[in-house]
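Text of upload17.cif (mmCIF, C-alpha atoms) as supplied:
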data_start
#
loop_
_atom_site.label_atom_id
_atom_site.label_comp_id
_atom_site.auth_asym_id
_atom_site.auth_seq_id
_atom_site.Cartn_x
_atom_site.Cartn_y
_atom_site.Cartn_z
CA MET A 711 19.39 32.19 -3.83
CA ARG A 712 17.37 31.00 -6.81
CA THR A 713 15.25 33.38 -8.79
CA MET A 714 11.48 32.94 -9.14
CA LYS A 715 12.02 31.82 -12.74
CA GLU A 716 14.45 29.11 -11.63
CA LEU A 717 12.08 27.96 -8.88
CA LEU A 718 9.20 27.65 -11.34
CA GLU A 719 11.33 25.89 -13.94
CA ALA A 720 12.40 23.34 -11.34
CA HIS A 721 8.81 22.44 -10.42
CA PRO A 722 7.30 19.47 -12.31
CA PHE A 723 4.02 21.35 -12.90
CA PHE A 724 5.82 23.76 -15.24
CA ALA A 725 7.94 21.13 -17.03
CA GLY A 726 7.81 21.72 -20.77
CA LEU A 727 6.79 25.39 -20.63
CA ASP A 728 9.08 27.56 -22.72
CA ASP A 729 11.05 30.55 -21.41
CA GLU A 730 8.54 33.07 -22.64
CA ALA A 731 5.64 31.35 -20.89
CA ILE A 732 7.61 31.02 -17.64
CA GLU A 733 8.44 34.73 -17.79
CA LEU A 734 4.71 35.49 -18.08
CA VAL A 735 3.96 33.31 -15.06
CA VAL A 736 6.76 34.92 -13.01
CA GLY A 737 4.86 38.21 -13.21
CA CYS A 738 1.98 36.65 -11.24
CA ALA A 739 4.11 34.78 -8.64
CA THR A 740 5.21 35.48 -5.09
CA ASN A 741 7.01 33.35 -2.50
CA VAL A 742 4.98 32.45 0.57
CA HIS A 743 5.57 30.48 3.76
CA PHE A 744 3.08 28.90 6.17
CA ASP A 745 3.64 27.68 9.71
CA PRO A 746 2.04 24.45 10.92
CA ASP A 747 -1.72 24.84 11.46
CA GLU A 748 -1.83 28.08 9.50
CA TYR A 749 -4.62 28.14 6.93
CA LEU A 750 -3.82 28.87 3.29
CA PHE A 751 -7.51 29.39 2.60
CA ARG A 752 -10.92 28.55 4.00
CA LEU A 753 -14.02 27.08 2.40
CA GLY A 754 -16.10 29.77 0.69
CA ASP A 755 -13.28 32.31 0.48
CA PRO A 756 -12.63 33.85 -2.96
CA ALA A 757 -10.32 31.52 -4.89
CA ASP A 758 -8.04 34.16 -6.31
CA ARG A 759 -4.80 32.17 -6.37
CA PHE A 760 -3.21 28.75 -6.44
CA TYR A 761 -0.10 27.35 -4.86
CA VAL A 762 2.91 25.52 -6.17
CA VAL A 763 4.20 23.63 -3.15
CA ARG A 764 7.98 23.56 -2.87
CA HIS A 765 8.42 22.04 0.59
CA GLY A 766 6.15 20.84 3.37
CA ARG A 767 2.62 19.46 3.38
CA VAL A 768 -0.87 20.94 3.26
CA ALA A 769 -4.03 19.12 4.41
CA LEU A 770 -7.30 19.65 2.55
CA GLU A 771 -10.13 19.46 5.03
CA LEU A 772 -13.90 19.34 5.06
CA HIS A 773 -16.11 19.71 8.08
CA VAL A 774 -18.37 16.71 8.59
CA PRO A 775 -21.16 17.36 11.08
CA GLY A 776 -20.82 14.87 13.92
CA SER A 777 -17.28 13.88 12.96
CA GLY A 778 -15.55 17.26 12.93
CA GLN A 779 -12.88 18.29 10.45
CA GLN A 780 -11.73 15.45 8.17
CA VAL A 781 -8.61 15.44 6.03
CA VAL A 782 -9.55 14.21 2.55
CA ASP A 783 -6.26 14.84 0.77
CA THR A 784 -2.78 16.21 1.30
CA VAL A 785 -0.61 18.14 -1.11
CA GLU A 786 3.13 18.27 -0.78
CA GLU A 787 6.43 18.94 -2.48
CA ASP A 788 6.26 18.91 -6.29
CA GLN A 789 2.46 19.18 -6.33
CA VAL A 790 0.10 22.10 -6.86
CA LEU A 791 -2.85 23.14 -4.77
CA GLY A 792 -6.11 24.60 -6.02
CA TRP A 793 -7.99 24.82 -9.28
CA SER A 794 -10.98 26.84 -8.06
CA TRP A 795 -9.22 29.98 -9.33
CA LEU A 796 -9.86 28.68 -12.83
CA VAL A 797 -13.45 27.50 -12.48
CA PRO A 798 -16.44 29.74 -11.65
CA PRO A 799 -17.67 30.70 -9.09
CA HIS A 800 -14.00 31.03 -8.02
CA ARG A 801 -14.65 30.05 -4.40
CA TRP A 802 -12.68 27.51 -2.36
CA PHE A 803 -14.47 24.23 -1.83
CA LEU A 804 -12.25 23.12 1.09
CA ASP A 805 -10.10 24.37 3.91
CA ALA A 806 -6.35 24.12 3.31
CA ARG A 807 -4.13 23.94 6.39
CA ALA A 808 -0.37 23.56 6.58
CA VAL A 809 0.51 20.49 8.67
CA MET A 810 4.22 21.23 8.68
CA PRO A 811 6.34 24.25 7.74
CA THR A 812 5.40 24.80 4.12
CA SER A 813 7.04 26.89 1.41
CA ALA A 814 5.13 27.58 -1.76
CA ILE A 815 4.85 29.90 -4.70
CA SER A 816 1.54 31.70 -4.73
CA LEU A 817 0.21 32.49 -8.19
CA ASP A 818 -2.32 35.27 -8.58
CA GLY A 819 -5.30 33.69 -10.30
CA VAL A 820 -6.76 36.92 -11.67
CA CYS A 821 -3.39 37.91 -13.14
CA LEU A 822 -2.92 34.43 -14.59
CA ARG A 823 -6.44 34.21 -16.04
CA GLY A 824 -5.81 37.55 -17.74
CA LYS A 825 -2.58 36.30 -19.30
CA CYS A 826 -4.19 33.04 -20.36
CA ASP A 827 -7.03 34.99 -22.00
CA GLU A 828 -4.53 37.13 -23.89
CA ASP A 829 -2.32 34.22 -24.92
CA PRO A 830 -4.37 31.12 -25.89
CA ALA A 831 -1.20 28.98 -26.22
CA LEU A 832 -0.32 29.75 -22.61
CA GLY A 833 -3.94 29.20 -21.61
CA TYR A 834 -3.97 25.78 -23.31
CA ALA A 835 -0.67 24.81 -21.70
CA PHE A 836 -2.11 25.75 -18.32
CA MET A 837 -5.38 23.94 -18.94
CA GLN A 838 -3.45 20.77 -19.87
CA ARG A 839 -1.51 20.91 -16.62
CA VAL A 840 -4.49 21.72 -14.44
CA ALA A 841 -6.54 19.02 -16.20
CA HIS A 842 -3.83 16.50 -15.36
CA VAL A 843 -3.96 17.48 -11.69
CA MET A 844 -7.76 17.22 -11.75
CA TYR A 845 -7.54 13.81 -13.47
CA GLU A 846 -5.20 12.47 -10.80
CA ARG A 847 -7.36 13.82 -7.96
CA LEU A 848 -10.49 12.39 -9.56
CA GLN A 849 -8.89 8.95 -9.96
CA SER A 850 -7.67 9.05 -6.40
CA ALA A 851 -11.12 10.02 -5.11
CA ARG A 852 -12.85 7.35 -7.20
CA VAL A 853 -10.59 4.54 -6.03
CA ARG A 854 -10.81 5.65 -2.40
CA LEU A 855 -14.58 5.85 -2.72
CA LEU A 856 -14.54 2.06 -3.07
CA ASP A 857 -13.19 1.78 0.50
CA LEU A 858 -10.95 -1.03 -0.72
CA TYR A 859 -9.19 -1.54 2.58
CA GLY A 860 -12.44 -1.87 4.46
CA GLY A 861 -13.27 -5.49 3.70
CA GLY A 862 -14.13 -7.94 0.98
CA ARG A 863 -12.58 -11.08 -0.35
CA ASP A 864 -8.98 -10.01 0.16
CA ALA A 865 -9.52 -8.86 3.67
CA ALA A 866 -8.62 -11.77 5.94
CA ARG A 867 -5.14 -12.55 4.63
CA MET B 1435 5.89 -38.83 -0.31
CA THR B 1436 4.79 -42.22 1.01
CA LEU B 1437 1.43 -43.28 -0.32
CA ARG B 1438 -1.26 -44.04 2.18
CA GLY B 1439 -1.95 -47.75 2.23
CA ASP B 1440 1.71 -48.53 1.53
CA THR B 1441 2.03 -51.76 3.53
CA THR B 1442 5.80 -51.46 3.88
CA SER B 1443 5.37 -48.21 5.76
CA SER B 1444 2.52 -49.59 7.84
CA VAL B 1445 4.58 -52.38 9.24
CA ARG B 1446 7.43 -50.00 10.06
CA GLY B 1447 5.09 -47.95 12.16
CA VAL B 1448 3.44 -44.57 12.12
CA ALA B 1449 6.64 -42.56 12.54
CA ASP B 1450 7.83 -43.52 9.08
CA VAL B 1451 4.67 -42.52 7.29
CA ALA B 1452 4.90 -39.14 5.59
CA PRO B 1453 2.54 -36.66 7.17
CA ASP B 1454 -0.87 -36.41 5.60
CA PRO B 1455 -1.00 -32.95 3.97
CA MET B 1456 -4.63 -32.64 5.01
CA LEU B 1457 -3.87 -33.29 8.68
CA PRO B 1458 -3.42 -30.13 10.75
CA ARG B 1459 -0.67 -29.80 13.32
CA PRO B 1460 -1.84 -28.45 16.67
CA PHE B 1461 -0.40 -25.08 17.75
CA ARG B 1462 -1.13 -23.36 21.04
CA VAL B 1463 -1.86 -19.63 21.09
CA GLN B 1464 1.10 -18.19 22.99
CA ASP B 1465 0.23 -14.52 22.70
CA VAL B 1466 -2.41 -12.25 21.17
CA ARG B 1467 -1.98 -8.63 20.13
CA HIS B 1468 -4.96 -6.51 19.12
CA ASP B 1469 -3.63 -4.48 16.19
CA THR B 1470 -6.82 -2.61 15.24
CA ASP B 1471 -10.48 -2.94 16.20
CA ASP B 1472 -10.89 -5.91 13.84
CA THR B 1473 -7.38 -7.31 13.44
CA VAL B 1474 -5.19 -9.36 15.74
CA THR B 1475 -1.77 -10.94 15.56
CA LEU B 1476 -1.42 -14.42 17.03
CA TRP B 1477 1.82 -16.05 18.15
CA LEU B 1478 1.45 -19.81 17.82
CA ASP B 1479 3.61 -22.42 19.52
CA PRO B 1480 3.81 -25.88 17.90
CA LEU B 1481 2.76 -28.54 20.41
CA ASP B 1482 5.25 -30.98 18.90
CA GLY B 1483 8.06 -28.46 19.47
CA GLU B 1484 9.04 -28.41 15.79
CA PRO B 1485 9.15 -24.79 14.48
CA LEU B 1486 7.40 -24.18 11.18
CA GLY B 1487 10.05 -22.99 8.73
CA PHE B 1488 8.67 -20.90 5.91
CA ALA B 1489 9.55 -18.56 3.07
CA ALA B 1490 8.35 -14.96 3.17
CA GLY B 1491 5.04 -14.80 1.32
CA GLN B 1492 3.86 -18.33 2.09
CA PHE B 1493 0.56 -19.04 3.82
CA THR B 1494 -0.89 -21.74 6.04
CA MET B 1495 -4.35 -23.21 6.26
CA LEU B 1496 -5.33 -22.11 9.74
CA GLN B 1497 -8.09 -24.00 11.49
CA ALA B 1498 -10.40 -23.06 14.33
CA PHE B 1499 -11.45 -26.55 15.40
CA GLY B 1500 -15.14 -27.12 14.93
CA VAL B 1501 -15.55 -23.95 12.90
CA GLY B 1502 -13.43 -24.24 9.77
CA GLU B 1503 -10.20 -23.53 8.00
CA VAL B 1504 -8.96 -20.51 6.05
CA PRO B 1505 -5.75 -19.56 4.22
CA ILE B 1506 -3.80 -16.94 6.14
CA SER B 1507 -0.41 -15.55 5.15
CA ILE B 1508 2.39 -15.80 7.67
CA SER B 1509 3.32 -12.40 9.09
CA GLY B 1510 6.37 -13.36 11.17
CA ASP B 1511 10.09 -13.26 10.59
CA PRO B 1512 11.31 -16.12 8.38
CA GLY B 1513 14.68 -15.85 10.14
CA ASP B 1514 13.05 -16.55 13.50
CA PRO B 1515 10.38 -19.23 13.08
CA ARG B 1516 10.21 -20.21 16.81
CA TYR B 1517 6.62 -18.98 16.97
CA LEU B 1518 4.35 -19.00 13.97
CA GLN B 1519 2.90 -15.52 13.56
CA HIS B 1520 -0.39 -14.73 11.83
CA THR B 1521 -2.13 -11.38 11.48
CA ILE B 1522 -5.84 -11.89 10.88
CA ARG B 1523 -8.70 -9.54 10.14
CA ASP B 1524 -12.18 -10.48 11.27
CA VAL B 1525 -14.28 -10.70 8.12
CA GLY B 1526 -16.75 -13.11 9.67
CA GLY B 1527 -17.02 -16.91 9.72
CA VAL B 1528 -13.77 -18.71 10.51
CA THR B 1529 -11.79 -15.48 10.80
CA ALA B 1530 -14.17 -14.26 13.51
CA ALA B 1531 -13.39 -17.40 15.51
CA LEU B 1532 -9.64 -17.02 14.92
CA VAL B 1533 -9.68 -13.37 15.98
CA ARG B 1534 -11.45 -14.38 19.21
CA ALA B 1535 -8.74 -16.96 20.03
CA ARG B 1536 -7.25 -16.54 23.49
CA VAL B 1537 -3.91 -17.46 24.98
CA GLY B 1538 -3.89 -21.22 25.60
CA ASP B 1539 -6.36 -22.09 22.84
CA VAL B 1540 -5.23 -24.69 20.31
CA LEU B 1541 -5.53 -24.07 16.56
CA GLY B 1542 -4.78 -26.37 13.65
CA VAL B 1543 -2.12 -25.49 11.10
CA ARG B 1544 -1.43 -27.03 7.71
CA GLY B 1545 1.40 -25.85 5.53
CA PRO B 1546 3.30 -23.68 4.87
CA TYR B 1547 2.09 -23.57 1.29
CA GLY B 1548 2.71 -21.71 -1.91
CA VAL B 1549 5.41 -19.70 -3.60
CA GLY B 1550 6.91 -16.80 -1.66
CA TRP B 1551 8.16 -13.34 -2.58
CA GLY B 1552 11.68 -14.43 -3.57
CA VAL B 1553 13.24 -11.37 -1.97
CA ARG B 1554 16.77 -12.64 -2.56
CA ASP B 1555 16.23 -12.42 -6.33
CA ALA B 1556 16.73 -8.69 -5.85
CA ALA B 1557 20.26 -9.01 -4.42
CA GLY B 1558 22.20 -6.06 -5.81
CA ALA B 1559 19.02 -4.30 -6.89
CA ASP B 1560 16.41 -1.96 -5.37
CA VAL B 1561 13.32 -3.30 -3.64
CA VAL B 1562 10.03 -1.46 -3.34
CA VAL B 1563 7.37 -2.95 -1.11
CA VAL B 1564 3.84 -1.67 -1.72
CA ALA B 1565 1.20 -2.71 0.77
CA GLY B 1566 -2.47 -1.84 1.10
CA GLY B 1567 -4.49 -2.43 4.28
CA ILE B 1568 -4.07 -5.93 5.72
CA GLY B 1569 -1.68 -6.56 2.79
CA LEU B 1570 1.15 -5.35 4.98
CA ALA B 1571 0.90 -8.60 6.97
CA PRO B 1572 2.03 -10.93 4.12
CA LEU B 1573 4.72 -8.42 3.19
CA ARG B 1574 6.13 -8.06 6.70
CA PRO B 1575 8.21 -11.29 6.42
CA ALA B 1576 9.70 -9.98 3.15
CA LEU B 1577 10.54 -6.67 4.78
CA LEU B 1578 12.13 -8.40 7.76
CA GLU B 1579 14.16 -10.61 5.44
CA LEU B 1580 15.21 -7.55 3.46
CA LEU B 1581 16.20 -5.60 6.56
CA GLY B 1582 17.94 -8.62 8.09
CA ASN B 1583 20.14 -8.85 5.01
CA ARG B 1584 20.18 -5.16 4.17
CA GLU B 1585 23.72 -5.14 2.80
CA GLN B 1586 22.68 -7.42 -0.06
CA PHE B 1587 20.31 -4.86 -1.55
CA ARG B 1588 20.54 -1.32 -2.85
CA ARG B 1589 17.69 1.03 -2.12
CA ALA B 1590 14.71 -0.16 -0.08
CA VAL B 1591 11.33 1.58 -0.14
CA LEU B 1592 8.09 0.79 1.70
CA VAL B 1593 4.87 2.42 0.51
CA TYR B 1594 1.88 1.58 2.70
CA GLY B 1595 -1.72 2.65 2.30
CA ALA B 1596 -4.50 2.15 4.83
CA ARG B 1597 -8.06 3.29 5.36
CA SER B 1598 -7.35 5.67 8.25
CA PRO B 1599 -4.63 6.27 10.86
CA ALA B 1600 -6.50 3.96 13.27
CA ASP B 1601 -6.30 1.15 10.70
CA LEU B 1602 -2.53 1.24 10.25
CA LEU B 1603 -1.00 -2.12 11.08
CA PHE B 1604 2.17 -2.44 13.15
CA PRO B 1605 2.34 1.30 14.01
CA ALA B 1606 5.31 0.94 16.39
CA GLU B 1607 7.23 -1.04 13.80
CA LEU B 1608 6.30 1.46 11.07
CA GLU B 1609 7.76 4.23 13.21
CA ALA B 1610 10.95 2.25 13.79
CA TRP B 1611 11.23 1.50 10.06
CA ALA B 1612 10.69 5.17 9.21
CA ASP B 1613 13.60 6.08 11.52
CA ARG B 1614 15.98 3.79 9.65
CA PRO B 1615 18.30 5.62 7.29
CA ASP B 1616 18.40 2.60 4.97
CA LEU B 1617 14.65 2.33 4.38
CA ASP B 1618 12.40 4.99 2.83
CA VAL B 1619 8.91 4.74 4.27
CA ALA B 1620 5.87 6.49 2.83
CA VAL B 1621 2.56 5.93 4.59
CA THR B 1622 -0.71 7.23 3.23
CA VAL B 1623 -4.31 6.87 4.40
CA ASP B 1624 -7.63 7.35 2.59
CA HIS B 1625 -8.91 9.87 5.11
CA ALA B 1626 -7.97 11.13 8.55
CA PRO B 1627 -9.27 13.30 11.36
CA SER B 1628 -8.02 16.85 11.50
CA GLY B 1629 -4.70 17.08 13.29
CA TYR B 1630 -3.21 14.12 11.45
CA ARG B 1631 0.14 15.20 10.06
CA GLY B 1632 0.77 12.35 7.66
CA ARG B 1633 -0.14 11.85 4.02
CA VAL B 1634 -3.73 11.43 2.87
CA GLY B 1635 -4.34 10.10 -0.62
CA LEU B 1636 -3.98 7.07 -2.83
CA VAL B 1637 -1.11 4.65 -2.29
CA THR B 1638 0.08 5.21 -5.86
CA GLU B 1639 0.85 8.90 -5.18
CA PRO B 1640 3.98 8.44 -3.03
CA LEU B 1641 5.01 5.63 -5.35
CA ALA B 1642 5.18 8.02 -8.29
CA ARG B 1643 7.51 10.30 -6.31
CA ALA B 1644 9.70 7.55 -4.82
CA GLY B 1645 12.46 8.16 -7.38
CA LEU B 1646 12.78 4.49 -8.32
CA ASP B 1647 15.47 3.14 -10.61
CA PRO B 1648 12.89 1.08 -12.52
CA GLY B 1649 15.28 -1.07 -14.52
CA ARG B 1650 16.82 -2.37 -11.29
CA THR B 1651 13.80 -2.63 -9.03
CA LEU B 1652 11.93 -5.61 -7.65
CA ALA B 1653 8.43 -4.58 -6.59
CA LEU B 1654 6.45 -6.63 -4.08
CA VAL B 1655 2.78 -5.69 -3.97
CA CYS B 1656 -0.01 -6.91 -1.73
CA GLY B 1657 -3.43 -5.47 -1.05
CA PRO B 1658 -6.93 -5.43 -2.48
CA GLU B 1659 -6.86 -6.51 -6.12
CA VAL B 1660 -8.04 -3.16 -7.51
CA MET B 1661 -5.27 -1.42 -5.61
CA MET B 1662 -2.70 -3.95 -6.89
CA ARG B 1663 -3.86 -3.37 -10.48
CA HIS B 1664 -3.37 0.39 -10.15
CA VAL B 1665 0.01 -0.01 -8.46
CA ALA B 1666 1.15 -2.55 -11.05
CA GLU B 1667 0.10 -0.29 -13.94
CA ASP B 1668 2.01 2.62 -12.43
CA LEU B 1669 5.11 0.51 -11.82
CA VAL B 1670 5.13 -0.75 -15.40
CA ARG B 1671 4.54 2.81 -16.66
CA LEU B 1672 7.59 3.88 -14.61
CA GLY B 1673 9.59 1.17 -16.37
CA VAL B 1674 9.69 -1.76 -13.94
CA PRO B 1675 9.67 -5.00 -16.00
CA PRO B 1676 6.37 -6.92 -15.45
CA ALA B 1677 8.20 -10.04 -14.27
CA TRP B 1678 9.74 -7.90 -11.51
CA VAL B 1679 6.38 -6.72 -10.28
CA ARG B 1680 5.20 -9.48 -7.95
CA LEU B 1681 1.66 -9.63 -6.60
CA SER B 1682 0.17 -11.82 -3.90
CA LEU B 1683 -3.16 -13.12 -5.14
CA GLU B 1684 -5.96 -14.18 -2.85
CA ARG B 1685 -8.24 -16.86 -4.17
CA ASN B 1686 -10.44 -19.49 -2.63
CA MET B 1687 -7.67 -21.74 -1.32
CA ARG B 1688 -9.01 -24.89 0.33
CA CYS B 1689 -6.65 -27.86 0.15
CA GLY B 1690 -3.42 -25.90 -0.18
CA VAL B 1691 -1.76 -28.61 -2.24
CA GLY B 1692 -3.27 -28.16 -5.71
CA LEU B 1693 -5.77 -31.00 -5.52
CA CYS B 1694 -9.22 -29.56 -5.01
CA GLY B 1695 -9.20 -26.88 -7.71
CA HIS B 1696 -11.07 -24.26 -5.68
CA CYS B 1697 -8.31 -21.69 -6.22
CA GLN B 1698 -7.84 -22.42 -9.90
CA LEU B 1699 -7.24 -19.35 -12.00
CA ARG B 1700 -7.28 -20.63 -15.58
CA GLU B 1701 -4.16 -22.83 -15.84
CA LEU B 1702 -2.85 -21.93 -12.37
CA PHE B 1703 -3.58 -23.25 -8.93
CA ILE B 1704 -2.94 -20.25 -6.73
CA CYS B 1705 -2.17 -22.40 -3.68
CA VAL B 1706 0.83 -24.02 -5.39
CA ASP B 1707 1.70 -21.70 -8.32
CA GLY B 1708 1.10 -18.64 -6.13
CA PRO B 1709 0.06 -16.86 -4.08
CA VAL B 1710 2.95 -14.70 -5.29
CA LEU B 1711 3.01 -14.31 -9.07
CA GLY B 1712 4.90 -12.03 -11.41
CA LEU B 1713 2.75 -9.53 -13.24
CA ASP B 1714 3.79 -11.15 -16.53
CA ARG B 1715 1.76 -14.23 -15.46
CA ALA B 1716 -0.87 -12.52 -13.33
CA ALA B 1717 -1.85 -9.63 -15.60
CA PRO B 1718 -3.85 -11.68 -18.12
CA LEU B 1719 -5.75 -13.25 -15.22
CA ILE B 1720 -6.57 -10.43 -12.85
CA THR B 1721 -8.19 -8.28 -15.50
CA VAL B 1722 -10.68 -10.94 -16.59
CA ARG B 1723 -13.98 -10.26 -14.87
CA GLU B 1724 -15.11 -13.90 -14.93
CA LEU B 1725 -11.97 -15.08 -13.12
#

Kindly transcribe the structure held in the file into structure tokens.
Amino acid sequence: MRTMKELLEAHPFFAGLDDEAIELVVGCATNVHFDPDEYLFRLGDPADRFYVVRHGRVALELHVPGSGQQVVDTVEEDQVLGWSWLVPPHRWFLDARAVMPTSAISLDGVCLRGKCDEDPALGYAFMQRVAHVMYERLQSARVRLLDLYGGGRDAAR
Amino acid sequence: MTLRGDTTSSVRGVADVAPDPMLPRPFRVQDVRHDTDDTVTLWLDPLDGEPLGFAAGQFTMLQAFGVGEVPISISGDPGDPRYLQHTIRDVGGVTAALVRARVGDVLGVRGPYGVGWGVRDAAGADVVVVAGGIGLAPLRPALLELLGNREQFRRAVLVYGARSPADLLFPAELEAWADRPDLDVAVTVDHAPSGYRGRVGLVTEPLARAGLDPGRTLALVCGPEVMMRHVAEDLVRLGVPPAWVRLSLERNMRCGVGLCGHCQLRELFICVDGPVLGLDRAAPLITVREL
């Protein structure tokens, strides 16, 4: 069985972090498992952690009056879930529901924020990684906002 | 080609005169399948009994008599051209008339036209097929050719993005493809109702995690142009050579034979030089706003 350090080192989100930084992160990490349809968190809950997904898939959902719950994104193996732990007011903006058996590493946001505050190099390394995740999600949302598949010149084929 | 007005041909009779490229052949609608709320697949039977051979990626000029003519990619199996197959989305005008076609109706067909995907160029290499929305229809012949000759290729990957689960084309076939051990299938949609268990996100996301061997990969990409640009950029960033990233461009094809100039994209006529172009040729063109 692999240690928490080995699990974190193997995840792309932590690629490039040195041993010392990984050791600091290990102190804030626990293994978690979610069954299908189990919620990881709900909109408005305190965002006190984030998740490094190892296996499975998690749907991010928003309730749309008249249309019910809508899945706006999914997060799966080799991705991370949640940045609200880093940004005030530290509340979840979405519901997160496992859509298949999902294994993840849960990282305590309060613990991690404390370590990032104490160690600016670690904080910067984390900010770079979280910023990259945010950049990718923003690009994805922007392109999908165009509703490219919905019509237009290319649509008849 | 025999020139019109060639008296030698005239005296020999009509049968010896090369067909006029502007003259449609009549095809009867043999079957209609409603794929989504705005998209149908038509099976067309040539009235003259002569199947329309084609290369994966080619298109025809499809005519609803009395309404008009539009370029539509062929979505059938190039290895089985008995019926001509077209998958058409209703975007108004001629396509609305084509989508309303019923069994027994007669449509006009010119072609096939254009340059295809050239799937066989990837013999011994990996192939990744990236489709967005209705773009799966022009890529289906390439996939069928690939799967029909599977032993000639190494890894095969299909990445398909659609607007929602209800908009996925060929769902039964997608399921069958996903069950194949020799084809990796990643489907993603822009949004979905709760309860959907598949991926939701941009089509480029599964592509980044497909584990491609970029130096030995032929990528075939078809979808809305913005989507193709993003996919192409990602493929090149992963290391796929631009000439091995092939895109199917949609322009205002009218004559289909490079005469009218409606589909001209700088020095290229998309109806004869395309619609499939390598990114090395297409990249300077698709990023120019005025083109």

Evaluated on this file, the PyMOL selection byres ((chain B) within 7 of (chain A)) picks out some residues - which ones are they, written as a ChimeraX atom specification? /B:1506-1507,1522-1525,1529,1566-1568,1596-1597,1624-1628,1631,1633-1636,1658,1684

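Our summary of the geometry notes that CA of Lys825 (chain A) is positioned 23.8 Å from CA of Tyr845 (chain A).
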
Residues around (0.3, 6.5, -1.6), cut-off 8 Å, counting all atoms listed in the file - what are they as a list in words?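 Residues found, by chain and rising number: Val1593, Tyr1594, Gly1595, Ala1620, Val1621, Thr1622, Val1623, Arg1633, Val1634, Gly1635, Leu1636, Val1637, Thr1638, Glu1639, Pro1640 and Leu1641 of chain B.
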
Excluding Ala1498 (chain B) and any residue of its chain fewer than 4 positions from it, enumerate the residues within 8 Å of it, using all atoms listed in the file, and give them as an MDAnalysis selection string. chainID B and resid 1502:1503 1528 1531:1532 1541:1542

Glu733 (chain A) environment, 10 Å, all atoms listed in the file, sequence neighbours closer than 4 positions dropped, as a ChimeraX atom specification: /A:714-715,718,727-729,737-738

One-decimal distance in Å that lies between CA of Ser1509 (chain B) and CA of Val1561 (chain B):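 That distance, rounded to one decimal, is 18.6 Å.
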
Nearest candidate to Ala731 (chain A) (options A:His743, A:Pro756, A:Leu796, A:Glu719; using all atoms listed in the file): A:Glu719

I'd like the neighbourhood of Arg1680 (chain B) as a PyMOL selection string, where a residue qualifies if any of its atoms comes within 9 Å (using all atoms listed in the file), though same-chain residues fewer than 6 positions away should be ignored. chain B and resi 1551+1652-1656+1666+1710-1714+1716

For a test of reading the model, state the distance in Å between CA of Leu1580 (chain B) and CA of Met1661 (chain B), rounded to one decimal.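 Computing it gives 23.2 Å between the two atoms.
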
Would you list the contacts of Tyr761 (chain A) as a PyMOL selection string, taking every protein, DNA or RNA residue within 12 Å and counting all atoms listed in the file, but skipping same-chain residues closer than 3 positions in sequence? chain A and resi 718+721+723+738-744+750-751+757-758+764-765+767-768+785-795+806+812-819+840

Given the PyMOL selection byres ((chain B and resi 1617) around 8), the residues it picks as a VMD selection string: chain B and resid 1589 to 1592 1611 to 1612 1614 to 1616 1618 to 1619

Show me the residues around (15.7, -8.8, 2.7) - criterion: an atom at most 12 Å away, only C-alpha atoms counted - as a ChimeraX atom specification. /B:1489-1490,1511-1513,1551-1563,1573-1591,1616-1617,1652,1654

Here is a test: counting all atoms listed in the file, which residue of B:Gly1692, B:Gly1645, B:Gly1491, B:Pro1572 is nearest to Gly1550 (chain B)? B:Gly1491

Determine the residue set returned by the PyMOL selection byres ((chain B and resi 1480-1485) around 9) for the present structure, and present it as a list of chain:residue names. B:Arg1459, B:Pro1460, B:Phe1461, B:Arg1462, B:Leu1478, B:Asp1479, B:Leu1486, B:Gly1487, B:Pro1515, B:Arg1516, B:Tyr1517, B:Leu1518, B:Val1540

Using C-alpha atoms, can you export the residues from the last selection as a compact mmCIF listing (two decimals), in the frame of the given file?
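Below is the file result.txt, written as the result:
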# COMPACT_ATOMS: atom_id res chain seq x y z
CA ARG B 1459 -0.67 -29.80 13.32
CA PRO B 1460 -1.84 -28.45 16.67
CA PHE B 1461 -0.40 -25.08 17.75
CA ARG B 1462 -1.13 -23.36 21.04
CA LEU B 1478 1.45 -19.81 17.82
CA ASP B 1479 3.61 -22.42 19.52
CA LEU B 1486 7.40 -24.18 11.18
CA GLY B 1487 10.05 -22.99 8.73
CA PRO B 1515 10.38 -19.23 13.08
CA ARG B 1516 10.21 -20.21 16.81
CA TYR B 1517 6.62 -18.98 16.97
CA LEU B 1518 4.35 -19.00 13.97
CA VAL B 1540 -5.23 -24.69 20.31
